[in-house]
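I have placed the structure first, in the form of structure tokens, so that the comments after it can refer back to it.
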Amino acid sequence: MKLDRLIAKHRQMGRTAALRAIAARRVRVDGIAVADGHAEVDRFSAVMLDEEPVQVAERGLYLIMHKPVGLLSATKDAQHATVLDWIDDPDKHTLHLAGRLDRNTSGLLILTNDGNWSKRLMAADFKVPKVYRVETDVPVPAEAVAAFERGFYFHTEDITTLPAKLEVLGECLARVTLHEGRYHQVKRMFHRVGCRVAALHRESVGTLRLPEDLKPGEWRPMTEEEKAAALCGDDRSS
Ligand code: URA
């Protein structure tokens with residue numbers, strides 16, 4: 001929301017009056033005087049007018065987890081334990097998943113309560129790369145590399161997958177980089193080239209790699225550097 005709109009809403013004043021107060025440097029966002037009435041603020045910003053709180057900042061949560069195989073990547077489920085059950089934080093009920101992993105997939109999972117941030121992470125147009133290590137039941141055919149680059153048409157969604165980078169690392173071992181997250185996407189793409197995925201592990205999102213010291217089932221808050229790295233669209237291929 002624009003700063004002038006937030007001030008106007010919470011202080012029952014017109015937007016012109018709010019703009020004037022902002023221009024007069026009577027407004028602070030996170031402790032800093034802001035003169036631009038059109039600056040964007042969200043619920044995680046502390047906003048003061050004349051040293052009186054207009055909005056108290058909510059606590060932003062950005063967590064990283066090493067999801068183990070077998071744990072459901074959901075926030076609630078009637079039958080099974082979910083990743084949220086493994087998180088110990090008083091505000092965990094505010095969390096959502098920034099990109100799910102299948103139950104039998106392991107690796108880097110991100111949880112947050114910041115919807116704008118997670119939207120950027122997951123939206124195909126931001127081109128944030130997600131890298132998976134894949135074990136297959138049979139050797140990956142050589143022509144799969146070009147097929148992944150061309151994309152596959154998925155009839156159910158009526159879409160063609162964005163170009164994906166496939167690196168064959170061994171007979172039945174590969175690494176794939178996607179810039180989107182369709183339902184069972186990796187498994188469906190490998191199925192198209194005649195392979196069944198035997199094991200799937202997400203290694204990284206953006207330039208954020210799953211930290212080696214984070215064991216399966218462990219989680220912790222992300223550092224500011226990790227938050228920035230997760231959003232980084234810096235593909236390994238470049
Ligand atoms: N693609 C899949 O098929 N499964 C996952 O868990 C993630 C990507």
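Numbering starts fresh at 1 for the residues of each chain in the structure tokens, the chains themselves are lettered A, B, ... in the order given, and ligands are numbered from 1 as they appear.
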
*Residues at most 8 Å from A:Gln55, counting only C-alpha atoms, excluding those fewer than 6 positions away in the same chain, as a count of residues only?*
6

Sort by chain and increasing residue number a table of all residues of chain A within 6 Å of ligand 1, each with its closest pair of atoms and their distance in Å to one decimal, counting only C-alpha atoms and all ligand atoms, and write it as JSON lines.
{"residue": "A:Leu101", "atom": "CA", "partner": "ligand 1", "partner_atom_place_in_ligand_line": "6 (O)", "distance": 3.5}
{"residue": "A:Asp102", "atom": "CA", "partner": "ligand 1", "partner_atom_place_in_ligand_line": "6 (O)", "distance": 3.7}
{"residue": "A:Thr105", "atom": "CA", "partner": "ligand 1", "partner_atom_place_in_ligand_line": "6 (O)", "distance": 4.9}
{"residue": "A:His184", "atom": "CA", "partner": "ligand 1", "partner_atom_place_in_ligand_line": "3 (O)", "distance": 3.2}
{"residue": "A:Gln185", "atom": "CA", "partner": "ligand 1", "partner_atom_place_in_ligand_line": "1 (N)", "distance": 4.2}
{"residue": "A:Val186", "atom": "CA", "partner": "ligand 1", "partner_atom_place_in_ligand_line": "1 (N)", "distance": 3.8}
{"residue": "A:Lys187", "atom": "CA", "partner": "ligand 1", "partner_atom_place_in_ligand_line": "3 (O)", "distance": 4.0}

Store the residues of this selection in a file with N, CA, C and O atoms, as a tab-separated table (two decimals), in the first residue's frame.
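This went into selection16.tsv:
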chain	number	residue	atom	x	y	z
A	101	LEU	N	6.92	-29.24	-1.84
A	101	LEU	CA	7.67	-30.39	-2.34
A	101	LEU	C	6.78	-31.61	-2.10
A	101	LEU	O	6.05	-31.66	-1.10
A	102	ASP	N	6.86	-32.59	-2.99
A	102	ASP	CA	6.07	-33.81	-2.80
A	102	ASP	C	6.51	-34.51	-1.52
A	102	ASP	O	7.63	-34.30	-1.04
A	105	THR	N	9.81	-36.13	-1.72
A	105	THR	CA	10.92	-35.26	-2.13
A	105	THR	C	11.57	-34.69	-0.88
A	105	THR	O	10.88	-34.36	0.08
A	184	HIS	N	3.86	-31.64	-9.68
A	184	HIS	CA	4.72	-32.81	-9.99
A	184	HIS	C	5.58	-32.58	-11.22
A	184	HIS	O	5.83	-33.51	-12.01
A	185	GLN	N	6.03	-31.35	-11.41
A	185	GLN	CA	6.66	-30.99	-12.69
A	185	GLN	C	7.87	-31.85	-13.05
A	185	GLN	O	7.98	-32.33	-14.18
A	186	VAL	N	8.78	-32.03	-12.11
A	186	VAL	CA	10.00	-32.78	-12.43
A	186	VAL	C	9.63	-34.22	-12.81
A	186	VAL	O	10.08	-34.75	-13.83
A	187	LYS	N	8.77	-34.83	-12.01
A	187	LYS	CA	8.39	-36.22	-12.27
A	187	LYS	C	7.71	-36.36	-13.64
A	187	LYS	O	7.98	-37.30	-14.39

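The coordinates place atom CA of A:Asp213 at 26.0 Å from atom CA of A:His179.
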
Nearest to A:Glu218, restricted to only C-alpha atoms and choosing among A:Val128, A:Ile159, A:Leu84, A:Ala174, comes out as A:Leu84

Can you pull out the residues contacting A:Asn104? Cut-off 10 Å, using only C-alpha atoms, and skip same-chain residues under 6 positions away; I want them as JSON, numbers by chain.
{"A": [67, 68, 69, 70, 71, 72, 73, 198, 199, 200, 201]}

**Prompt:** as a PyMOL selection string, which residues of stretch 21-225 of chain A does DSSP assign to alpha helix (DSSP H)?
**Reply:** chain A and resi 21-23+115-122+144-150+185-192+224-225

Write the residues of the preceding selection, restricted to N, CA and C atoms, as an mmCIF file, in the first residue's frame.
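Listing of result.cif after writing:
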data_model
loop_
_atom_site.group_PDB
_atom_site.id
_atom_site.type_symbol
_atom_site.label_atom_id
_atom_site.label_comp_id
_atom_site.auth_asym_id
_atom_site.auth_seq_id
_atom_site.Cartn_x
_atom_site.Cartn_y
_atom_site.Cartn_z
ATOM 1 N N ALA A 21 1.636 15.985 5.260
ATOM 2 C CA ALA A 21 2.325 15.583 6.499
ATOM 3 C C ALA A 21 3.615 14.829 6.171
ATOM 4 N N ILE A 22 3.544 13.989 5.120
ATOM 5 C CA ILE A 22 4.726 13.205 4.726
ATOM 6 C C ILE A 22 5.803 14.145 4.181
ATOM 7 N N ALA A 23 5.376 15.084 3.305
ATOM 8 C CA ALA A 23 6.337 16.031 2.713
ATOM 9 C C ALA A 23 7.003 16.884 3.790
ATOM 10 N N GLY A 115 3.425 -12.749 1.954
ATOM 11 C CA GLY A 115 2.853 -13.191 0.684
ATOM 12 C C GLY A 115 3.465 -12.513 -0.533
ATOM 13 N N ASN A 116 3.828 -11.229 -0.394
ATOM 14 C CA ASN A 116 4.424 -10.527 -1.547
ATOM 15 C C ASN A 116 5.783 -11.114 -1.877
ATOM 16 N N TRP A 117 6.520 -11.442 -0.839
ATOM 17 C CA TRP A 117 7.860 -11.998 -1.036
ATOM 18 C C TRP A 117 7.779 -13.394 -1.678
ATOM 19 N N SER A 118 6.882 -14.229 -1.155
ATOM 20 C CA SER A 118 6.804 -15.596 -1.687
ATOM 21 C C SER A 118 6.246 -15.609 -3.108
ATOM 22 N N LYS A 119 5.399 -14.622 -3.433
ATOM 23 C CA LYS A 119 4.869 -14.551 -4.795
ATOM 24 C C LYS A 119 6.009 -14.317 -5.787
ATOM 25 N N ARG A 120 6.915 -13.450 -5.415
ATOM 26 C CA ARG A 120 8.068 -13.175 -6.283
ATOM 27 C C ARG A 120 8.939 -14.415 -6.447
ATOM 28 N N LEU A 121 9.067 -15.142 -5.358
ATOM 29 C CA LEU A 121 9.904 -16.341 -5.385
ATOM 30 C C LEU A 121 9.347 -17.395 -6.340
ATOM 31 N N MET A 122 8.028 -17.492 -6.375
ATOM 32 C CA MET A 122 7.406 -18.573 -7.127
ATOM 33 C C MET A 122 6.960 -18.178 -8.528
ATOM 34 N N ALA A 144 17.112 -36.222 -23.936
ATOM 35 C CA ALA A 144 16.307 -35.554 -22.910
ATOM 36 C C ALA A 144 16.763 -34.106 -22.711
ATOM 37 N N VAL A 145 18.048 -33.830 -22.884
ATOM 38 C CA VAL A 145 18.570 -32.473 -22.642
ATOM 39 C C VAL A 145 17.855 -31.474 -23.559
ATOM 40 N N ALA A 146 17.769 -31.816 -24.842
ATOM 41 C CA ALA A 146 17.108 -30.920 -25.802
ATOM 42 C C ALA A 146 15.605 -30.852 -25.530
ATOM 43 N N ALA A 147 15.026 -31.983 -25.140
ATOM 44 C CA ALA A 147 13.578 -32.014 -24.874
ATOM 45 C C ALA A 147 13.228 -31.113 -23.680
ATOM 46 N N PHE A 148 14.055 -31.133 -22.641
ATOM 47 C CA PHE A 148 13.811 -30.273 -21.470
ATOM 48 C C PHE A 148 13.948 -28.804 -21.869
ATOM 49 N N GLU A 149 14.896 -28.519 -22.738
ATOM 50 C CA GLU A 149 15.129 -27.144 -23.201
ATOM 51 C C GLU A 149 13.931 -26.651 -24.029
ATOM 52 N N ARG A 150 13.384 -27.541 -24.867
ATOM 53 C CA ARG A 150 12.235 -27.165 -25.712
ATOM 54 C C ARG A 150 10.980 -26.957 -24.877
ATOM 55 N N GLN A 185 6.034 -31.345 -11.414
ATOM 56 C CA GLN A 185 6.661 -30.990 -12.689
ATOM 57 C C GLN A 185 7.872 -31.848 -13.052
ATOM 58 N N VAL A 186 8.780 -32.026 -12.109
ATOM 59 C CA VAL A 186 9.996 -32.784 -12.432
ATOM 60 C C VAL A 186 9.630 -34.222 -12.813
ATOM 61 N N LYS A 187 8.766 -34.826 -12.014
ATOM 62 C CA LYS A 187 8.390 -36.224 -12.275
ATOM 63 C C LYS A 187 7.707 -36.361 -13.635
ATOM 64 N N ARG A 188 6.855 -35.412 -13.951
ATOM 65 C CA ARG A 188 6.134 -35.479 -15.233
ATOM 66 C C ARG A 188 7.093 -35.287 -16.404
ATOM 67 N N MET A 189 8.065 -34.396 -16.235
ATOM 68 C CA MET A 189 9.013 -34.154 -17.332
ATOM 69 C C MET A 189 9.881 -35.393 -17.574
ATOM 70 N N PHE A 190 10.329 -36.019 -16.502
ATOM 71 C CA PHE A 190 11.153 -37.229 -16.679
ATOM 72 C C PHE A 190 10.337 -38.377 -17.255
ATOM 73 N N HIS A 191 9.076 -38.418 -16.869
ATOM 74 C CA HIS A 191 8.190 -39.455 -17.395
ATOM 75 C C HIS A 191 8.106 -39.352 -18.924
ATOM 76 N N ARG A 192 8.089 -38.097 -19.415
ATOM 77 C CA ARG A 192 7.990 -37.873 -20.866
ATOM 78 C C ARG A 192 9.205 -38.407 -21.628
ATOM 79 N N GLU A 224 19.485 -12.334 6.411
ATOM 80 C CA GLU A 224 19.144 -11.343 5.372
ATOM 81 C C GLU A 224 19.805 -11.720 4.049
ATOM 82 N N GLU A 225 21.034 -12.242 4.117
ATOM 83 C CA GLU A 225 21.758 -12.639 2.901
ATOM 84 C C GLU A 225 21.023 -13.803 2.214
#

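With only C-alpha atoms as the atoms that count, the minimum distance from A:Gly217 to the choices A:Val193, A:Ile87, A:Leu162, A:Leu178 is reached by A:Ile87.
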
Mind the document's chain letters and residue numbers, and return as a ChimeraX atom specification the residues of stretch 2-190 of chain A that DSSP labels strand (DSSP E or B). /A:2,27-29,32-33,40,47-49,52-55,62-67,72,82,96-97,105-112,130-136,153-154,159-160,165-170,173-178

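With only C-alpha atoms as the atoms that count, the minimum distance from A:Val54 to the choices A:Arg11, A:Arg26, A:Lys165, A:His80 is reached by A:Arg11.
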
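Among the candidates A:Glu143, A:Asp77, A:Leu95, A:Lys130, the one nearest to A:Ala229 when counting only C-alpha atoms is A:Lys130.
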
### Exercise: A:Val168 partners within 10 Å, only C-alpha atoms, chain neighbours under 2 positions left out, as a list in words
Val134, Pro139, Val140, Pro141, Ala142, Ala144, Val145, Lys165, Leu166, Gly170, Glu171, Cys172, Leu173, Ala174, Arg175 and Val176 of chain A

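Note that the spacing between atom CA of A:Glu180 and atom CA of A:Tyr132 amounts to 12.3 Å.
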
Margin query: Residues near A:Trp219, anyone? I mean within 8 Å using only C-alpha atoms, not counting same-chain ones fewer than 3 positions away, as a PyMOL selection string.
Written below: chain A and resi 63-66+87+214

So that I have them on file, write out the residues from the current selection with C-alpha atoms, as an mmCIF file, in the first residue's frame.
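Contents of out16.cif, as written:
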data_model
loop_
_atom_site.group_PDB
_atom_site.id
_atom_site.type_symbol
_atom_site.label_atom_id
_atom_site.label_comp_id
_atom_site.auth_asym_id
_atom_site.auth_seq_id
_atom_site.Cartn_x
_atom_site.Cartn_y
_atom_site.Cartn_z
ATOM 1 C CA LEU A 63 12.292 -19.845 7.486
ATOM 2 C CA ILE A 64 14.423 -22.402 5.761
ATOM 3 C CA MET A 65 13.930 -26.131 6.325
ATOM 4 C CA HIS A 66 15.608 -29.303 5.185
ATOM 5 C CA ILE A 87 8.393 -25.936 13.553
ATOM 6 C CA LEU A 214 20.951 -28.216 8.139
#

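Here atom CA of A:Gly14 is placed at a distance of 22.9 Å from atom CA of A:Ala57.
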
Nearest to A:Arg103, restricted to only C-alpha atoms and choosing among A:Val27, A:Ala228, A:Asp88, A:Thr82, comes out as A:Thr82
